[in-house]
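Enquirer: Structure provided below as structure tokens; questions to follow.
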Amino acid sequence: MEFTDMRELANQPGDLKLGRLLRIFAVLSVIFVAVLASAPLRPYFDEWRGIQKRYNWLARQAGSPTIPIAVQQIWRPELGVTDRCTSCHIGMGAAQPVPGDPLFKAHPLIPHDPKQFGCTVCHGGQGRATTRNAAHGFVSHWDEQMLDRRHISSGCGSCHNNVPWISRPELNRGRLLVESLDCLSCHKLDGKGRGNATDLSYVGLKGFNENWHNWHLEEKARNSGDAWKASYGAIAEADLTQINSFLRTRIGAPRVVEARALALQKGCLGCHKVSGVGGDEGPPLDGVGRKPVGDLNFAGVRGEQTLVNYIKQHFLDPTGVVPGSLMPPQATTIEEADLLTSYVLFLRERKVPQQYLPRDRIRRELLGEPRPALSGERAFQAFCSGCHGSTGEGRNYANLYLRFPGIGLPDFLDVATDEFIASTIKSGRPGRRMPALGAAGGSLSEDETKALVSYLRSLAPSPPSLAEVNSAPIDLTLGARIYRQDCAACHGRNGDGTELGSPLTTADSKAANREAIYQSLVKGAAGTAMPRYGNYDAQAMASLISYLSTLPRSAGTRASWKMGKGIADRGKNIYAGQCAGCHGENGQGKLGPALAHAAFLNTASDNYIAATIVRGRSGTPMPGFGRDNVNYPRLTATEVLDLIAYIRHGLASEK
């Protein structure tokens with residue numbers, strides 16, 4: 001048998017391609033063998049190994065024990081935690097802290113031992129990784145990025161979810177009192193302070209004796225030292241209440257508390273639910289702080305593609321980040337957007353075994369402890385201010401075709417009864433973005449609803465006193481102008497009454513009794529379409545009352561007057577010409593609210609509808625049809641009653 005030399009075959013002209021392939025194969029074989037040979041050496045160049053070598057060098061310099069070079073790991077299978085972060089962050093639990101490198105510092109003091117929970121439960125990231133970028137989660141195909149330093153306290157939301165409700169003014173006032181009363185001369189608070197007394201940073205979690213002020217006074221009486229005499233004294237009761245409210249928020253996460261207070265001030269809960277509380281116009285926010293990065297569309301996001309940057313820009317420009325979003329911009333500054341981002345990142349609650357539950361979740365989830373009742377002001381901020389404005393002035397987002405009425409303005413508060421407002425809070429407004437907040441299992445209790453109604457009433461301007469009115473200068477021309485604008489539609493041009501309003505010039509009328517007219521103006525007339533007019537100043541009210549006394553007397557009696565009844569068939573044409581464009585042809589609602597819905601018709605009285613038609617609603621397209629207007633006709637009292645009859649009966653029958 002003869003053997004052919006491969007070199008001879010490779011040199012034959014017809015086999016040039018085969019020779020080239022053989023040479024390529026030989027080179028690849030060498031590379032493959034080299035890679036295999038170097039594989040065992042690769043771990044010796046891992047970054048964690050170099051970090052641990054540096055630790056040992058610094059430890060020897062400091063006289064501390066060294067550690068064996070090896071991957072460090074915290075394993076908590078009940079939490080799903082396998083964290084190798086301490087392979088680099090050695091001072092956090094793998095070994096004794098040493099100076100010289102931030103990686104070798106001890107973990108900041110917190111109420112629980114970090115080694116019991118691991119790292120990623122609080123900080124996020126990829127615990128099994130052994131390289132920096134992979135561990136911090138900034139690599140492809142890993143959805144949970146590590147929280148940055150600015151938002152690190154948001155990680156507490158993994159286990160804790162019971163941040164105390166407090167407004168920003170209350171928070172700022174409480175902080176100011178604690179600092180101005182020099183409490184930090186003895187106590188530490190959120191990293192500040194110079195004394196050795198109880199650290200106040202966690203008293204909201206651990207609890208505190210709310211009778212502390214009396215204890216301090218007793219200590220002062222027992223101690224004759226100059227420090228006690230000079231540094232402590234009586235505190236006003238209102239200030240004590242503010243300080244206690246502030247101390248209840250000290251849970252070791254001051255930024256989260258500040259962030260939630262801002263979120264409540266922005267009225268986020270008016271549209272979004274958190275832990276089942278809030279509106280349903282937008283998606284629930286539970287778990288958004290742990291939203292997978294892979295689910296996000298960064299096409300409209302400028303800068304780095306991180307969850308933090310996505311959320312921040314969404315607060316600044318919602319429609320730019322999420323095309324078609326109906327959410328108005330919520331942040332006016334970068335700082336506000338960053339703070340709101342901290343709150344959303346805090347909403348990252350995860351299921352943990354019962355033995356790991358913090359006390360606040362045990363009280364809520366296992367013992368069924370209800371949240372503290374909200375004051376009217378806090379309820380307004382949390383659920384109403386986002387749409388209706390911080391003082392109820394109303395808001396208009398023309399680019400989003402969104403308009404929210406002013407519920408703190410006199411033209412609403414003057415005509416709306418407490419019952420109507422409470423019913424609207426409980427049941428919402430069909431066809432509008434007003435959610436049902438007080439329905440069964442809803443967000444507001446009966447007492448909170450009443451408190452909210454009372455707070456709304458407090459937003460109305462206080463009318464001048466009778467003494468101020470009686471001493472004010474009188475201008476009959478001003479009085480005549482006010483009467484024409486606000487009174488003539490119901491009471492008639494000469495005050496002799498209409499089907500909508502009683503006569504003012506009969507022998508038994510109130511026109512001659514200044515106090516009686518004053519009371520009608522500031523309180524309204526129950527059971528009639530006469531609303532309050534609390535926005536008049538003293539001169540306007542004095543001038544109007546004096547003008548009424550100049551009207552000529554008329555026959556008949558006020559006692560025999562009764563409100564008329566409209567005819568729905570006549571009101572149909574008025575509705576089609578003046579109302580359908582905003583409220584819909586069948587009252588289904590368009591730019592204006594739905595008028596044919598049972599929820600509205602069952603709560604809105606004829607008097608409320610009449611007063612709204614006559615006066616209009618400032619801050620909305622709803623004009624006053626009882627006032628002179630170049631764009632709309634001035635309706636007579638009979639036409640107003642016919643329109644009410646059609647809204648009440650005609651729309652319902654045509655649905």
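Residue numbering restarts at 1 for every chain of the structure tokens, chains are lettered A, B, ... in their displayed order, and ligands are numbered from 1 as they appear.
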Pick out each residue of segment 129-195 of chain A that DSSP on the backbone tags as helix (DSSP H, G or I); I need them as a ChimeraX atom specification.

Expert: /A:132-135,149-158,168-180,183-185

Enquirer: If you keep C-alpha atoms, can you produce a file of those selected residues as a PDB file, in the first residue's frame?

Expert:
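After the write, out.pdb holds the following:
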ATOM      1  CA  ARG A 132     -19.471  45.675  38.234  1.00  0.00           C
ATOM      2  CA  ASN A 133     -21.694  46.420  35.220  1.00  0.00           C
ATOM      3  CA  ALA A 134     -23.485  43.106  35.389  1.00  0.00           C
ATOM      4  CA  ALA A 135     -23.992  43.314  39.159  1.00  0.00           C
ATOM      5  CA  ARG A 149     -27.186  56.817  45.250  1.00  0.00           C
ATOM      6  CA  ARG A 150     -29.750  59.640  44.996  1.00  0.00           C
ATOM      7  CA  HIS A 151     -32.700  57.244  45.093  1.00  0.00           C
ATOM      8  CA  ILE A 152     -31.185  54.570  47.319  1.00  0.00           C
ATOM      9  CA  SER A 153     -33.739  55.026  50.118  1.00  0.00           C
ATOM     10  CA  SER A 154     -36.535  54.079  47.690  1.00  0.00           C
ATOM     11  CA  GLY A 155     -35.333  50.504  48.116  1.00  0.00           C
ATOM     12  CA  CYS A 156     -37.069  50.444  51.517  1.00  0.00           C
ATOM     13  CA  GLY A 157     -40.296  50.035  49.555  1.00  0.00           C
ATOM     14  CA  SER A 158     -39.407  46.398  48.885  1.00  0.00           C
ATOM     15  CA  ARG A 168     -45.344  69.391  52.490  1.00  0.00           C
ATOM     16  CA  PRO A 169     -46.292  72.509  54.507  1.00  0.00           C
ATOM     17  CA  GLU A 170     -46.786  70.318  57.601  1.00  0.00           C
ATOM     18  CA  LEU A 171     -43.502  68.544  56.934  1.00  0.00           C
ATOM     19  CA  ASN A 172     -41.579  71.778  56.468  1.00  0.00           C
ATOM     20  CA  ARG A 173     -43.194  73.365  59.512  1.00  0.00           C
ATOM     21  CA  GLY A 174     -42.335  70.386  61.720  1.00  0.00           C
ATOM     22  CA  ARG A 175     -38.735  70.336  60.528  1.00  0.00           C
ATOM     23  CA  LEU A 176     -38.410  74.071  61.111  1.00  0.00           C
ATOM     24  CA  LEU A 177     -39.726  73.734  64.671  1.00  0.00           C
ATOM     25  CA  VAL A 178     -37.342  70.884  65.523  1.00  0.00           C
ATOM     26  CA  GLU A 179     -34.376  72.881  64.249  1.00  0.00           C
ATOM     27  CA  SER A 180     -35.407  76.287  65.615  1.00  0.00           C
ATOM     28  CA  CYS A 183     -33.589  69.871  69.509  1.00  0.00           C
ATOM     29  CA  LEU A 184     -30.468  68.903  67.562  1.00  0.00           C
ATOM     30  CA  SER A 185     -28.246  70.144  70.343  1.00  0.00           C
TER      31      SER A 185
END

Enquirer: Near segment 522-539 of chain A, within 10 Å and counting only C-alpha atoms, which residues show up once chain neighbours fewer than 4 positions away are dropped, as number ranges by chain?

Expert: A: 409-417, 460-475, 478-479, 482, 486-487, 490-491, 500-502, 517-518, 543-545, 562-563, 605-612, 614-615

Enquirer: Would you save the residues from that selection as a compact mmCIF listing (two decimals), in the first residue's frame, using C-alpha atoms?

Expert:
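The result, stored in selection-v6.txt:
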# COMPACT_ATOMS: atom_id res chain seq x y z
CA LEU A 409 -64.43 79.13 43.29
CA PRO A 410 -67.52 81.00 44.51
CA ASP A 411 -69.64 80.27 41.43
CA PHE A 412 -69.50 76.55 42.29
CA LEU A 413 -69.51 76.71 46.08
CA ASP A 414 -72.34 79.27 46.06
CA VAL A 415 -74.73 77.00 44.11
CA ALA A 416 -73.65 73.49 45.21
CA THR A 417 -75.13 72.07 48.39
CA ALA A 460 -64.71 80.18 49.55
CA PRO A 461 -63.95 83.82 50.34
CA SER A 462 -65.40 85.10 53.59
CA PRO A 463 -68.16 87.66 52.96
CA PRO A 464 -67.93 91.08 54.60
CA SER A 465 -69.70 91.46 57.94
CA LEU A 466 -73.00 93.31 58.21
CA ALA A 467 -71.21 96.09 60.08
CA GLU A 468 -68.72 96.45 57.20
CA VAL A 469 -71.57 96.55 54.70
CA ASN A 470 -73.49 99.17 56.67
CA SER A 471 -70.42 101.42 56.87
CA ALA A 472 -69.37 101.02 53.22
CA PRO A 473 -69.89 103.86 50.68
CA ILE A 474 -72.96 103.42 48.45
CA ASP A 475 -72.89 103.66 44.65
CA LEU A 478 -72.83 100.00 40.83
CA GLY A 479 -75.85 98.47 42.57
CA ILE A 482 -74.89 94.18 39.81
CA ASP A 486 -76.86 88.75 38.87
CA CYS A 487 -80.47 89.29 39.95
CA CYS A 490 -84.69 85.47 38.28
CA HIS A 491 -86.32 88.41 40.07
CA LEU A 500 -87.84 81.44 38.71
CA GLY A 501 -87.45 84.03 41.47
CA SER A 502 -89.75 85.63 44.03
CA ILE A 517 -81.26 90.92 52.32
CA TYR A 518 -77.71 90.66 53.64
CA SER A 543 -74.77 99.32 46.83
CA LEU A 544 -76.96 96.40 45.76
CA ILE A 545 -79.00 96.43 48.97
CA LYS A 562 -94.31 79.63 43.87
CA MET A 563 -91.59 78.48 41.54
CA SER A 605 -81.54 69.61 42.23
CA ASP A 606 -83.54 71.85 39.89
CA ASN A 607 -82.26 74.78 41.92
CA TYR A 608 -78.63 73.77 41.31
CA ILE A 609 -79.24 73.36 37.58
CA ALA A 610 -81.07 76.69 37.41
CA ALA A 611 -78.34 78.58 39.25
CA THR A 612 -75.65 77.02 37.03
CA VAL A 614 -78.04 81.53 35.03
CA ARG A 615 -74.57 82.15 36.51

Enquirer: Grab the atom CA of Arg49 of chain A to atom CA of Gln126 of chain A distance for me, in Å with one decimal place.

Expert: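 Between atom CA of Arg49 of chain A and atom CA of Gln126 of chain A the gap works out to 18.6 Å.
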
Enquirer: Expressed in Å to a single decimal, how great is the separation between atom CA of Tyr547 of chain A and atom CA of Leu476 of chain A?

Expert: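 Interatomic distance here is 5.6 Å.
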
Enquirer: Find the residues near Gln355 of chain A: any atom within 12 Å, counting only C-alpha atoms, skip ones fewer than 3 places away on the same chain, and give them as a PyMOL selection string.

Expert: chain A and resi 78-79+116-117+159+351-352+358-359+361-362

Enquirer: Pull C-alpha atoms from the residues just selected and write them as a compact mmCIF listing (two decimals), in the first residue's frame.

Expert:
# COMPACT_ATOMS: atom_id res chain seq x y z
CA GLU A 78 -36.39 32.01 51.40
CA LEU A 79 -36.02 35.47 49.86
CA GLN A 116 -30.08 38.95 57.00
CA PHE A 117 -31.59 40.28 53.76
CA CYS A 159 -40.59 45.56 52.40
CA LYS A 351 -43.71 39.30 48.69
CA VAL A 352 -41.55 38.25 51.62
CA PRO A 358 -41.70 44.70 59.08
CA ARG A 359 -44.10 45.82 61.79
CA ARG A 361 -46.87 45.53 57.08
CA ILE A 362 -47.79 43.12 59.86

Enquirer: Going by DSSP on the backbone, which residues of segment 47-167 of chain A come out as strand (DSSP E)? List them as a PyMOL selection string.

Expert: chain A and resi 74-76+81-83

Enquirer: Using only N, CA and C atoms, please write the residues we just selected to a file, as a compact mmCIF listing (two decimals), in the first residue's frame.

Expert:
# COMPACT_ATOMS: atom_id res chain seq x y z
N ILE A 74 -23.91 36.01 49.93
CA ILE A 74 -24.99 35.97 50.92
C ILE A 74 -26.13 35.18 50.29
N TRP A 75 -26.51 34.08 50.93
CA TRP A 75 -27.53 33.20 50.35
C TRP A 75 -28.73 33.15 51.28
N ARG A 76 -29.85 33.62 50.78
CA ARG A 76 -31.11 33.58 51.52
C ARG A 76 -32.18 32.99 50.60
N VAL A 81 -32.60 35.11 47.30
CA VAL A 81 -31.43 35.97 47.25
C VAL A 81 -30.15 35.13 47.18
N THR A 82 -29.35 35.37 46.15
CA THR A 82 -27.99 34.87 46.07
C THR A 82 -27.14 36.05 45.65
N ASP A 83 -26.58 36.74 46.61
CA ASP A 83 -25.90 38.01 46.36
C ASP A 83 -24.40 37.88 46.57

Enquirer: Report, in Å to a single decimal, how far apart atom CA of Asp338 of chain A and atom CA of Gly124 of chain A are.

Expert: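 Those two atoms sit 18.5 Å apart.
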
Enquirer: Measuring atom to atom with only C-alpha atoms, identify which of A:Gly287, A:Gly125, A:Gly376, A:Gly204 is nearest to Glu349 of chain A.

Expert: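 Of A:Gly287, A:Gly125, A:Gly376, A:Gly204, the one nearest Glu349 of chain A is A:Gly287, counting only C-alpha atoms.
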
Enquirer: Could you name the residues that touch Glu144 of chain A at 9 Å or less, counting only C-alpha atoms, but leaving out those on the same chain fewer than 6 positions away, as an MDAnalysis selection string?

Expert: chainID A and resid 124:126 136:138 290:293 307
